[in-house]
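Since the structure comes first, as structure tokens, the remarks are kept for the end.
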Amino acid sequence: MYDKQINHNNRTAFIIAVDCSTSMREMITFNSQYMSKADAVALVCNYMIDELMSRATRSEGVRDYYDIAVIGYSGEGVRSLLPSAESGFISIRNLAHFKPEPEQYSYTLCAPNTPNTSVSITLHPWIKATAVGSTPMYEALIYIREMVEKWCNNRDNHNSFPPMVFNITDGECSDGSSEDLIREAERITELKTTNGNVLLMNI
């Protein structure tokens with residue numbers, strides 16, 4: 001179980017679900033910078049996508065190692081936050097064609113017993129911070145479960161490393177009870193490929 005190497009023959013999928021509700025406007029300190037939760041999550045997501053893109057890139061270009069989806073849920077409903085991903089997923093190779101102009105991000109690295117260090121990194125702004133309205137997390141989990149089920153049922157993915165789902169939220173959902181969320185999360189993790197069950201991480 002969970003022993004498949006991820007490559008173009010055994011692809012996988014990454015789904016990032018982002019709480020884009022009004023509460024994400026709350027200000028926090030992230031990487032020593034004062035910013036909204038929405039801005040912090042956008043930075044983390046953009047870093048993750050850049051890292052996945054880098055790991056799939058070889059001298060001849062981006063290899064088709066995985067599908068990616070970034071799903072936002074808010075008062076505007078549940079929707080894809082990535083370009084040209086109306087169905088939810090987009091392959092990493094196709095996503096490379098929509099790469100935005102990079103932006104510089106600077107922050108101060110603070111570590112115990114060491115001097116503070118100024119750090120500057122370059123990130124591509126794949127998604128923008130959004131914070132509006134309610135938190136339809138239950139609807140988002142249903143949406144994700146349907147996406148993942150279709151992906152796992154695709155014959156080409158039967159023997160692949162199973163999809164990984166990351167749900168990033170700061171509060172309670174507005175459209176279901178805790179029992180509803182747990183039940184839908186369990187339905188997602190019951191889905192599987194021959195290599196194991198879908199992995200779901202709630203952050």
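In the structure tokens, each chain is lettered A, B, ... as it comes, each chain's residues begin at 1, and ligands are numbered from 1 in order of appearance.
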
Mind listing the helix (DSSP H, G or I) residues of stretch 33-136 of chain A, per DSSP on the backbone, as a ChimeraX atom specification?
/A:37-55,92-98

Counting only C-alpha atoms, what are the residues of stretch 10-98 of chain A within 10 Å of stretch 172-181 of chain A, and for each of them which pair of atoms is the nearest and at what distance in Å, to one decimal? Sort the table by chain and rising number, as a tab-separated table.
residue	atom	partner	partner_atom	distance
A:Asp19	CA	A:Cys173	CA	9.3
A:Ser21	CA	A:Cys173	CA	9.6
A:Ser74	CA	A:Ser174	CA	9.6
A:Gly75	CA	A:Ser174	CA	9.8

Next, write the just-selected residues to a file, as an mmCIF file, in the first residue's frame, keeping N, CA, C and O atoms as the atom set.
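File written: result_18.cif
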data_model
loop_
_atom_site.group_PDB
_atom_site.id
_atom_site.type_symbol
_atom_site.label_atom_id
_atom_site.label_comp_id
_atom_site.auth_asym_id
_atom_site.auth_seq_id
_atom_site.Cartn_x
_atom_site.Cartn_y
_atom_site.Cartn_z
ATOM 1 N N ASP A 19 -10.905 27.585 2.022
ATOM 2 C CA ASP A 19 -11.962 28.397 2.617
ATOM 3 C C ASP A 19 -11.747 29.849 2.182
ATOM 4 O O ASP A 19 -10.733 30.461 2.508
ATOM 5 N N SER A 21 -14.131 32.302 2.703
ATOM 6 C CA SER A 21 -15.221 33.040 3.338
ATOM 7 C C SER A 21 -14.722 34.342 3.967
ATOM 8 O O SER A 21 -13.516 34.590 4.059
ATOM 9 N N SER A 74 -16.991 29.678 -0.877
ATOM 10 C CA SER A 74 -17.327 30.936 -0.216
ATOM 11 C C SER A 74 -18.776 31.286 -0.518
ATOM 12 O O SER A 74 -19.524 30.452 -1.048
ATOM 13 N N GLY A 75 -19.145 32.537 -0.246
ATOM 14 C CA GLY A 75 -20.478 33.009 -0.593
ATOM 15 C C GLY A 75 -20.726 32.997 -2.090
ATOM 16 O O GLY A 75 -21.874 33.086 -2.537
#

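Restricting the calculation to only C-alpha atoms, the smallest distance between A:Ser54 and any of A:Arg79, A:Arg145, A:Arg93, A:Lys128 is found for A:Arg93.
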
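Nearest-residue note for A:Val198: choosing from A:Gln104, A:Gln5, A:Thr12, A:Thr169, the minimum distance belongs to A:Thr12, counting only C-alpha atoms.
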
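Interatomic distance, atom CA of A:Ile127 to atom CA of A:Thr22: 17.0 Å.
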
Please return, as number ranges by chain, all residues of stretch 77-120 of chain A that DSSP assigns to strand (DSSP E) on the basis of the backbone.
A: 77-80, 90-91, 103-109, 117-120
